[in-house]
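Peer 1: Input file: protein_10.cif. Contents: mmCIF, C-alpha atoms.
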data_start
loop_
_atom_site.label_atom_id
_atom_site.label_comp_id
_atom_site.auth_asym_id
_atom_site.auth_seq_id
_atom_site.Cartn_x
_atom_site.Cartn_y
_atom_site.Cartn_z
CA MET F 476 45.02 12.93 35.21
CA GLY F 477 48.24 12.13 33.35
CA THR F 478 48.60 11.72 29.60
CA LYS F 479 49.51 8.36 28.14
CA THR F 480 51.25 8.00 24.80
CA GLU F 481 50.67 4.66 23.16
CA LEU F 482 52.06 3.03 20.04
CA LYS F 483 49.28 1.41 18.06
CA ALA F 484 49.34 -0.93 15.09
CA VAL F 485 46.17 -0.96 13.01
CA LEU F 486 45.36 -3.21 10.09
CA HIS F 487 43.39 -1.27 7.53
CA GLU F 488 41.20 -2.76 4.81
CA THR F 489 40.33 -0.60 1.84
CA LEU F 490 38.81 -0.60 -1.63
CA GLY F 491 38.74 -4.25 -2.66
CA GLY F 492 39.56 -6.00 0.56
CA CYS F 493 43.02 -4.63 1.19
CA ALA F 494 45.15 -4.81 4.28
CA VAL F 495 47.13 -1.87 5.56
CA LEU F 496 49.32 -1.68 8.62
CA PHE F 497 49.45 1.75 10.20
CA LEU F 498 51.98 2.44 12.91
CA TYR F 499 51.26 5.67 14.69
CA VAL F 500 51.51 7.38 18.05
CA VAL F 501 48.31 8.28 19.83
CA GLY F 502 48.16 10.63 22.78
CA SER F 503 45.27 9.74 25.06
CA THR F 504 43.87 11.41 28.13
CA ALA F 505 40.99 10.77 30.43
CA GLN F 506 39.05 13.36 28.41
CA ALA F 507 39.54 11.52 25.09
CA GLN F 508 36.20 11.19 23.37
CA GLN F 509 34.54 9.57 20.42
CA CYS F 510 34.73 12.18 17.66
CA PRO F 511 32.52 12.45 14.59
CA PRO F 512 34.35 10.83 11.67
CA PRO F 513 35.59 13.18 8.92
CA ALA F 514 33.12 14.03 6.18
CA PRO F 515 34.13 11.82 3.22
CA SER F 516 35.14 13.47 -0.05
CA ILE F 517 36.50 12.28 -3.41
CA SER F 518 36.26 15.67 -5.11
CA SER F 519 39.88 16.87 -4.92
CA PRO F 520 42.71 15.93 -7.31
CA THR F 521 45.24 17.24 -4.76
CA PRO F 522 46.68 14.77 -2.23
CA PRO F 523 45.90 15.72 1.38
CA VAL F 524 48.77 17.31 3.29
CA ASP F 525 48.29 15.42 6.55
CA VAL F 526 45.97 13.39 8.71
CA SER F 527 43.68 15.51 10.86
CA ALA F 528 45.10 16.73 14.19
CA GLU F 529 42.03 15.20 15.85
CA VAL F 530 43.73 11.82 15.55
CA ARG F 531 45.68 12.66 18.72
CA THR F 532 42.69 13.42 20.91
CA CYS F 533 39.96 11.10 19.68
CA ARG F 534 39.43 7.50 20.65
CA ASN F 535 38.47 6.68 17.06
CA GLY F 536 41.74 7.94 15.56
CA ILE F 537 41.75 5.21 12.91
CA ASN F 538 38.81 6.95 11.20
CA PHE F 539 41.08 9.89 10.39
CA PHE F 540 43.84 7.69 8.95
CA ASP F 541 41.25 5.85 6.87
CA ASP F 542 39.91 9.13 5.55
CA PHE F 543 43.42 10.35 4.67
CA SER F 544 44.06 7.11 2.77
CA TRP F 545 40.89 7.33 0.71
CA ARG F 546 41.48 10.99 -0.15
CA ILE F 547 45.01 10.35 -1.40
CA PHE F 548 43.74 7.33 -3.32
CA ALA F 549 41.16 9.54 -5.06
CA ALA F 550 43.88 12.04 -6.02
CA LEU F 551 46.17 9.33 -7.41
CA ILE F 552 43.50 7.72 -9.61
CA TRP F 553 42.49 11.12 -11.02
CA PRO F 554 42.82 11.45 -14.83
CA ALA F 555 46.32 12.68 -15.66
CA ALA F 556 46.97 15.92 -17.52
CA GLN F 557 47.96 15.20 -21.11
CA GLY F 558 51.70 14.89 -21.59
CA GLN F 559 52.61 15.72 -17.99
CA ARG F 560 54.03 13.63 -15.18
CA GLY F 561 52.09 13.20 -11.95
CA VAL F 562 49.78 16.12 -12.69
CA PRO F 563 45.99 15.73 -12.56
CA ASP F 564 43.64 17.22 -15.11
CA PRO F 565 41.27 19.27 -12.93
CA SER F 566 38.87 19.74 -15.85
CA GLN F 567 37.98 16.05 -15.65
CA THR F 568 35.72 15.39 -12.70
CA ASN F 569 34.66 11.84 -13.51
CA PHE F 570 36.78 8.81 -12.68
CA PRO F 571 37.39 7.00 -15.98
CA VAL F 572 37.54 3.31 -16.66
CA ASN F 573 40.65 3.83 -18.79
CA GLY F 574 43.85 5.73 -17.96
CA PRO F 575 46.32 7.09 -17.89
CA LEU F 576 45.79 8.04 -14.28
CA VAL F 577 48.05 10.19 -12.11
CA PHE F 578 49.68 7.28 -10.28
CA GLU F 579 50.65 5.65 -13.59
CA ILE F 580 52.66 8.73 -14.62
CA TYR F 581 54.91 8.81 -11.56
CA LYS F 582 58.62 8.15 -12.19
CA ALA F 583 59.47 4.43 -12.16
CA ASP F 584 62.52 3.30 -10.21
CA TRP F 585 64.28 1.96 -13.30
CA GLU F 586 64.15 5.46 -14.82
CA THR F 587 66.38 6.82 -12.07
CA PHE F 588 68.55 4.04 -10.70
CA PRO F 589 71.27 2.80 -13.08
CA SER F 590 71.37 -0.63 -14.61
CA PRO F 591 74.15 -3.10 -13.71
CA LYS F 592 75.62 -2.43 -17.16
CA SER F 593 76.04 1.29 -16.55
CA PRO F 594 79.54 2.77 -16.47
CA ASN F 595 81.01 3.75 -13.12
CA PRO F 596 80.04 6.42 -12.28
CA PRO F 597 76.76 6.21 -14.20
CA PRO F 598 75.31 9.16 -16.09
CA LYS F 599 72.93 11.46 -14.21
CA PRO F 600 69.31 10.29 -14.55
CA SER F 601 66.92 12.17 -16.76
CA PRO F 602 64.81 15.02 -15.36
CA TRP F 603 61.29 14.54 -14.03
CA SER F 604 59.50 15.71 -17.17
CA SER F 605 61.32 13.38 -19.55
CA PHE F 606 60.10 10.00 -20.74
CA ALA F 607 62.20 6.93 -21.30
CA GLY F 608 62.16 6.66 -25.09
CA THR F 609 64.34 3.72 -26.10
CA SER F 610 66.45 3.80 -22.89
CA ASN F 611 64.43 1.29 -20.91
CA PRO F 612 64.65 -2.31 -19.64
CA CYS F 613 62.83 -3.58 -22.73
CA GLY F 614 65.66 -2.47 -25.01
CA SER F 615 65.83 -0.12 -27.95
CA SER F 616 63.09 -1.94 -29.88
CA VAL F 617 60.46 -0.49 -27.51
CA ASN F 618 59.90 3.28 -27.45
CA ILE F 619 58.35 4.36 -24.14
CA SER F 620 56.29 7.56 -24.15
CA TRP F 621 53.71 9.32 -21.97
CA GLY F 622 51.06 6.95 -20.64
CA ASP F 623 52.98 3.73 -21.30
CA LEU F 624 53.23 1.21 -18.46
CA VAL F 625 56.45 -0.82 -18.26
CA LEU F 626 56.54 -3.79 -15.91
CA ALA F 627 60.18 -4.60 -16.28
CA SER F 628 63.58 -4.02 -14.73
CA TYR F 629 67.24 -4.13 -15.66
CA THR F 630 67.67 -7.49 -13.92
CA LYS F 631 65.78 -10.67 -14.71
CA PHE F 632 63.81 -10.79 -11.46
CA GLY F 633 63.87 -7.11 -10.52
CA ASN F 634 60.11 -6.53 -10.74
CA LEU F 635 59.14 -10.00 -9.51
CA GLY F 636 60.83 -9.84 -6.15
CA LEU F 637 58.94 -7.12 -4.30
CA ALA F 638 57.09 -9.64 -2.14
CA ASP F 639 59.47 -9.91 0.77
CA PHE F 640 59.77 -12.92 3.05
CA GLY F 641 62.92 -11.83 4.86
CA PRO F 642 66.57 -11.35 3.95
CA PHE F 643 65.99 -11.81 0.21
CA PHE F 644 63.69 -9.81 -1.97
CA VAL F 645 62.04 -12.89 -3.33
CA GLY F 646 58.92 -14.39 -4.71
CA PRO F 647 57.15 -15.67 -6.40
CA VAL F 648 53.62 -14.48 -5.88
CA ILE F 649 51.69 -16.32 -8.55
CA SER F 650 48.25 -15.46 -9.85
CA SER F 651 47.15 -19.01 -9.22
CA GLY F 652 43.39 -18.87 -8.78
CA PHE F 653 42.37 -18.88 -12.42
CA ALA F 654 45.22 -21.05 -13.71
CA GLN F 655 43.82 -24.38 -14.92
CA SER F 656 47.29 -25.80 -15.47
CA ALA F 657 50.90 -24.97 -14.66
CA SER F 658 51.31 -23.45 -18.12
CA GLN F 659 48.77 -20.75 -17.18
CA GLN F 660 50.60 -19.70 -14.02
CA ALA F 661 52.03 -16.19 -14.13
CA TYR F 662 54.09 -14.14 -11.73
CA LEU F 663 52.59 -11.00 -10.30
CA ARG F 664 54.50 -7.97 -11.58
CA PHE F 665 55.34 -4.97 -9.46
CA GLN F 666 56.29 -1.39 -10.21
CA ALA F 667 57.91 0.96 -7.70
CA SER F 668 57.56 4.68 -8.43
CA TYR F 669 57.57 8.08 -6.71
CA ASN F 670 56.43 11.66 -7.13
CA LYS F 671 58.34 14.79 -8.19
CA THR F 672 59.15 15.87 -4.63
CA GLU F 673 61.02 12.64 -3.97
CA HIS F 674 62.50 12.36 -7.46
CA ASP F 675 64.03 15.84 -7.35
CA GLN F 676 65.68 15.08 -4.01
CA ILE F 677 67.16 11.85 -5.34
CA LEU F 678 68.70 13.69 -8.28
CA ALA F 679 69.89 16.74 -6.33
CA LYS F 680 71.49 14.66 -3.57
CA GLY F 681 72.88 11.98 -5.86
CA TRP F 682 70.96 9.28 -4.00
CA TYR F 683 70.90 7.14 -7.12
CA LEU F 684 74.58 6.40 -6.35
CA GLN F 685 75.44 3.75 -3.78
CA SER F 686 78.27 5.94 -2.49
CA LYS F 687 75.75 8.64 -1.53
CA ILE F 688 73.36 6.38 0.35
CA GLY F 689 73.34 7.07 4.07
CA ASN F 690 70.89 8.66 6.46
CA LEU F 691 68.30 9.88 3.97
CA THR F 692 65.65 12.40 4.98
CA PHE F 693 62.89 13.06 2.48
CA CYS F 694 60.73 16.17 2.30
CA SER F 695 57.28 16.78 3.69
CA ASN F 696 55.10 19.87 3.33
CA GLY F 697 56.50 22.86 5.25
CA ALA F 698 59.79 21.19 6.20
CA THR F 699 63.22 22.76 5.74
CA LEU F 700 66.07 20.41 4.89
CA GLY F 701 69.64 21.60 4.48
CA GLY F 702 68.46 25.19 4.65
CA LEU F 703 66.08 24.73 1.73
CA ALA F 704 62.28 24.80 1.92
CA CYS F 705 60.52 21.64 0.78
CA PRO F 706 57.82 21.70 -1.91
CA SER F 707 54.18 21.83 -0.89
CA GLU F 708 53.59 18.21 -1.97
CA ASN F 709 54.79 15.54 0.43
CA SER F 710 57.16 12.77 -0.62
CA ILE F 711 55.04 9.90 -1.97
CA ASP F 712 56.17 6.37 -2.83
CA LEU F 713 54.02 3.89 -4.72
CA LYS F 714 54.20 0.18 -5.35
CA SER F 715 51.60 -1.23 -7.71
CA ALA F 716 50.94 -4.95 -8.25
CA TRP F 717 49.67 -6.23 -11.60
CA MET F 718 48.28 -9.59 -12.69
CA ASP F 719 48.32 -11.09 -16.18
CA MET F 720 44.70 -11.26 -17.30
CA ALA F 721 45.14 -14.06 -19.85
CA SER F 722 43.50 -16.76 -17.73
CA VAL F 723 40.75 -14.59 -16.21
CA PRO F 724 37.31 -15.42 -17.64
CA ALA F 725 35.83 -12.78 -19.93
CA ASN F 726 32.77 -12.27 -17.71
CA LEU F 727 35.01 -11.23 -14.78
CA ARG F 728 37.30 -8.77 -16.57
CA SER F 729 35.02 -5.82 -15.80
CA ARG F 730 35.92 -6.25 -12.12
CA TYR F 731 39.51 -5.11 -12.82
CA TYR F 732 41.28 -1.93 -13.86
CA ILE F 733 43.13 -3.26 -16.92
CA LYS F 734 46.09 -1.64 -18.63
CA LYS F 735 48.01 -2.70 -21.72
CA ALA F 736 51.60 -2.92 -20.47
CA TRP F 737 55.06 -3.81 -21.71
CA VAL F 738 56.01 -6.87 -19.65
CA LEU F 739 59.53 -8.30 -19.49
CA ASP F 740 59.89 -11.99 -20.30
CA PRO F 741 62.29 -13.21 -17.58
CA THR F 742 63.22 -16.22 -19.70
CA SER F 743 64.70 -13.97 -22.39
CA ASP F 744 68.42 -13.28 -22.70
CA PRO F 745 69.37 -10.40 -20.35
CA ALA F 746 71.74 -9.14 -23.03
CA ASN F 747 68.81 -8.93 -25.44
CA PRO F 748 65.67 -8.56 -23.31
CA THR F 749 62.24 -9.24 -24.73
CA CYS F 750 59.11 -7.39 -23.64
CA ASN F 751 55.62 -8.23 -24.82
CA GLN F 752 52.44 -6.22 -24.52
CA ARG F 753 50.02 -7.91 -22.15
CA ASP F 754 46.67 -7.04 -20.60
CA MET F 755 47.54 -6.52 -16.91
CA GLY F 756 45.01 -6.04 -14.11
CA LEU F 757 45.75 -3.86 -11.09
CA VAL F 758 45.41 -6.01 -7.96
CA GLY F 759 47.22 -3.90 -5.37
CA LEU F 760 48.40 -0.34 -4.74
CA HIS F 761 50.61 0.63 -1.81
CA ILE F 762 50.79 4.36 -1.05
CA VAL F 763 53.49 5.58 1.34
CA THR F 764 53.40 9.25 2.32
CA LYS F 765 55.68 11.32 4.53
CA THR F 766 53.59 14.04 6.17
CA PRO F 767 54.53 16.91 8.52
CA THR F 768 53.23 15.09 11.61
CA ARG F 769 54.08 11.58 10.42
CA PRO F 770 57.83 11.56 9.60
CA GLN F 771 57.71 7.76 9.92
CA TRP F 772 55.38 7.87 6.87
CA ILE F 773 51.76 6.74 6.52
CA TRP F 774 51.24 3.43 4.74
CA SER F 775 47.97 2.82 2.89
CA THR F 776 47.20 -0.24 0.81
CA PHE F 777 44.35 -0.85 -1.62
CA GLU F 778 43.57 -4.25 -3.03
CA GLN F 779 41.34 -5.71 -5.72
CA ILE F 780 38.33 -7.33 -4.04
CA ASP F 781 38.94 -10.83 -5.44
CA ASN F 782 42.55 -11.32 -4.30
CA VAL F 783 41.84 -13.73 -1.44
CA PRO F 784 38.79 -15.18 0.33
CA ALA F 785 37.13 -12.83 2.81
CA ALA F 786 37.24 -14.90 5.99
CA SER F 787 34.22 -14.63 8.27
CA GLY F 788 34.70 -11.91 10.87
CA SER F 789 37.81 -10.49 9.21
CA GLY F 790 36.18 -7.19 8.25
CA ALA F 791 37.17 -7.69 4.60
CA THR F 792 34.72 -6.56 1.94
CA PRO F 793 32.67 -9.63 0.92
CA THR F 794 32.83 -10.98 -2.61
CA THR F 795 30.60 -13.46 -4.40
CA ASN F 796 33.54 -15.04 -6.24
CA THR F 797 34.65 -18.54 -5.33
CA VAL F 798 37.93 -18.39 -7.26
CA PHE F 799 40.46 -15.71 -6.39
CA ASN F 800 43.49 -14.01 -7.90
CA LEU F 801 45.90 -15.42 -5.32
CA ASN F 802 43.94 -18.38 -4.02
CA ASP F 803 42.30 -21.20 -5.96
CA GLY F 804 39.48 -21.54 -3.41
CA LYS F 805 40.02 -25.31 -3.05
CA GLY F 806 41.41 -25.29 0.48
CA ASN F 807 43.64 -28.24 1.31
CA ALA F 808 42.77 -29.89 -2.00
CA GLY F 809 44.30 -27.07 -4.01
CA ALA F 810 47.61 -25.23 -4.00
CA GLY F 811 49.58 -25.41 -0.78
CA PRO F 812 49.49 -22.73 1.92
CA MET F 813 51.75 -19.70 1.69
CA PRO F 814 55.16 -20.71 3.09
CA GLY F 815 56.46 -19.21 6.29
CA SER F 816 59.83 -18.43 4.72
CA ALA F 817 61.14 -17.66 1.27
CA PRO F 818 60.61 -20.58 -1.14
CA TYR F 819 63.20 -19.29 -3.60
CA CYS F 820 66.33 -17.21 -3.72
CA GLU F 821 66.43 -14.45 -6.29
CA PRO F 822 69.79 -14.30 -8.06
CA GLN F 823 71.43 -10.88 -7.83
CA PRO F 824 74.13 -10.58 -10.51
CA GLY F 825 75.37 -7.29 -9.08
CA ASN F 826 75.81 -8.73 -5.58
CA PRO F 827 78.39 -11.55 -5.35
CA ASN F 828 77.36 -12.19 -1.75
CA VAL F 829 74.02 -13.62 -2.88
CA THR F 830 74.24 -16.98 -4.62
CA CYS F 831 71.62 -19.64 -5.29
CA PRO F 832 70.91 -22.07 -3.85
CA VAL F 833 71.85 -20.93 -0.37
CA VAL F 834 71.91 -22.42 3.10
CA PRO F 835 69.85 -21.85 5.17
CA PRO F 836 66.76 -21.88 2.90
CA PRO F 837 65.50 -20.84 0.42
CA PRO F 838 66.74 -24.09 -1.10
CA ALA F 839 66.41 -23.36 -4.80
CA ALA F 840 66.86 -20.62 -7.34
CA MET F 841 63.73 -18.82 -8.45
CA PRO F 842 62.71 -20.22 -11.86
CA ALA F 843 62.46 -17.73 -14.67
CA ASP F 844 59.48 -19.60 -16.08
CA ALA F 845 56.47 -19.25 -13.76
CA SER F 846 55.08 -22.58 -14.97
CA GLN F 847 57.97 -24.27 -13.16
CA ALA F 848 57.29 -22.52 -9.85
CA VAL F 849 55.34 -24.07 -7.00
CA ARG F 850 52.24 -22.02 -6.44
CA PHE F 851 50.61 -21.42 -3.07
CA ASN F 852 47.41 -19.92 -1.77
CA VAL F 853 47.57 -16.51 -0.12
CA THR F 854 45.16 -16.06 2.79
CA ARG F 855 44.24 -13.19 5.08
CA VAL F 856 45.51 -13.76 8.61
CA GLN F 857 44.84 -10.40 10.28
CA THR F 858 41.44 -9.07 11.32
CA ILE F 859 40.75 -5.69 9.75
CA GLY F 860 38.08 -4.51 12.15
CA THR F 861 34.38 -4.72 12.92
CA GLY F 862 31.79 -2.29 14.16
CA PRO F 863 30.10 0.92 12.96
CA THR F 864 33.06 3.26 13.66
CA THR F 865 35.97 1.19 12.36
CA THR F 866 37.76 0.76 9.05
CA PRO F 867 35.18 -1.45 7.28
CA ALA F 868 32.52 1.21 7.86
CA THR F 869 34.75 3.92 6.33
CA ASN F 870 35.57 1.62 3.43
CA SER F 871 31.91 1.00 2.72
CA THR F 872 31.16 4.73 2.70
CA TYR F 873 33.91 5.50 0.20
CA GLN F 874 33.18 2.45 -1.94
CA ASN F 875 29.58 3.61 -2.29
CA MET F 876 30.75 7.12 -3.23
CA PHE F 877 32.99 5.75 -5.98
CA ALA F 878 30.20 3.49 -7.22
CA VAL F 879 28.01 6.57 -7.72
CA ALA F 880 30.79 8.74 -9.21
CA ALA F 881 32.03 6.03 -11.58
CA PRO F 882 29.27 3.46 -12.17
CA SER F 883 31.14 1.89 -15.12
CA SER F 884 34.48 1.67 -13.35
CA PRO F 885 35.80 -1.57 -11.78
#
Hey, can you dump this file as structure tokens for me?
Peer 2:
Amino acid sequence: MGTKTELKAVLHETLGGCAVLFLYVVGSTAQAQQCPPPAPSISSPTPPVDVSAEVRTCRNGINFFDDFSWRIFAALIWPAAQGQRGVPDPSQTNFPVNGPLVFEIYKADWETFPSPKSPNPPPKPSPWSSFAGTSNPCGSSVNISWGDLVLASYTKFGNLGLADFGPFFVGPVISSGFAQSASQQAYLRFQASYNKTEHDQILAKGWYLQSKIGNLTFCSNGATLGGLACPSENSIDLKSAWMDMASVPANLRSRYYIKKAWVLDPTSDPANPTCNQRDMGLVGLHIVTKTPTRPQWIWSTFEQIDNVPAASGSGATPTTNTVFNLNDGKGNAGAGPMPGSAPYCEPQPGNPNVTCPVVPPPPAAMPADASQAVRFNVTRVQTIGTGPTTTPATNSTYQNMFAVAAPSSP
């Protein structure tokens, strides 16, 4: 019998009802069989190198991608070693309620890529082990050190526009569920970051300069690029999503991983930016990993359980809440549905080709003040999976393991 190679797209739901789209190639033969799923484990602070080779020969290949995702998640929420970047503390074997955690200590994009005010050419970014100090988007009045979380950027909307509708990096995604009035609306904040393997390549190759951007190839374990051996750790990108906790009722706060963060006020003067410390709850974590057998990268997404309603039959983890982070739970009587195209244009001062408003839509400039933005309800539109050998079953297994290992954790 011949061998068929098939491209599959799989939507993957994880910790709190998250959706992940995996694109991967599966080789299937007439002898392909249902394989035992991998034995789950959350005991290693080291990210896995690759998905199991069994994914190519087993009908239930998604089980192996799910397992890879949960293992790398466990490594990234491991307690961080004091004073070090991206390094776990192996002496700590319990998952804490409070950080800093490994993923929080990765290098943020604003630490490497120059601000629009930088001279041309800009100075070389700081090395991996350094911390921002007073050179940060919040200005010299804020001194950033190990363990600090900064949800800011060098442009007014830079960390608000990572929810992409199309040609513009736009928003807003508004934490609308708990807002009782427009004044309580708040934009979700995003942070993009990466590990040492990727950071060192960016610096060595000068990829922080627009003139150097071209066909970029990042490292994976065991690869050789330009005659040089890659580090043992794969290239890892992260994008975390954070919600202002001000309007969340006190009795629900224990359901969130909460971090005190420096948050940029987008209504402040860009020449004199203002950052305030806010309680921010983690509501999403995207993990993107380039592995030896997956040069197109593996995408894994974890989501706080109360982001959106768990539609019947969707495979999402059920929640008892009736109000949600990104959905007010009122159906047609509440906020409008999520638009099919970008509702706003994000001004880009460094790009004269982008002006607001623009034609065709979006029709209006994105307001700096979230209270002036039109909020909408986010809903889940893709089925995650059902059945005893699919993603929801793997999620349940790992969720139960974390509940035992960290009973006081969100």
Peer 1: Taking the file as shown, find all residues satisfying the PyMOL selection byres ((chain F and resi 701-715) around 7) and write them as a PyMOL selection string.
Peer 2: chain F and resi 524+665-670+672-673+693-700+716-717+759-766
Peer 1: Point out the residue among F:Ser601, F:Pro523, F:Pro591, F:Ser620 with the least atom-to-atom distance to Gln559 in chain F, counting all atoms listed in the file.
Peer 2: F:Ser620
Peer 1: For CA of Ile688 in chain F and CA of Pro589 in chain F, quote the distance in Å rounded to one decimal.
Peer 2: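 Computing the Euclidean distance for CA of Ile688 in chain F and CA of Pro589 in chain F yields 14.1 Å.
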Peer 1: Quick one: of F:Met841, F:Ala721, F:Ile677, F:Ile649, who's nearest to Asp584 in chain F, counting all atoms listed in the file?
Peer 2: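 Answer, going by the shortest atom-to-atom distance: F:Ile677.
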Peer 1: Considering all atoms listed in the file, return as a PyMOL selection string whatever protein or nucleic-acid residues lie within 7 Å of range 731-733 of chain F, sequence-local ones (same chain, fewer than 4 positions apart) excluded.
Peer 2: chain F and resi 754-757+885
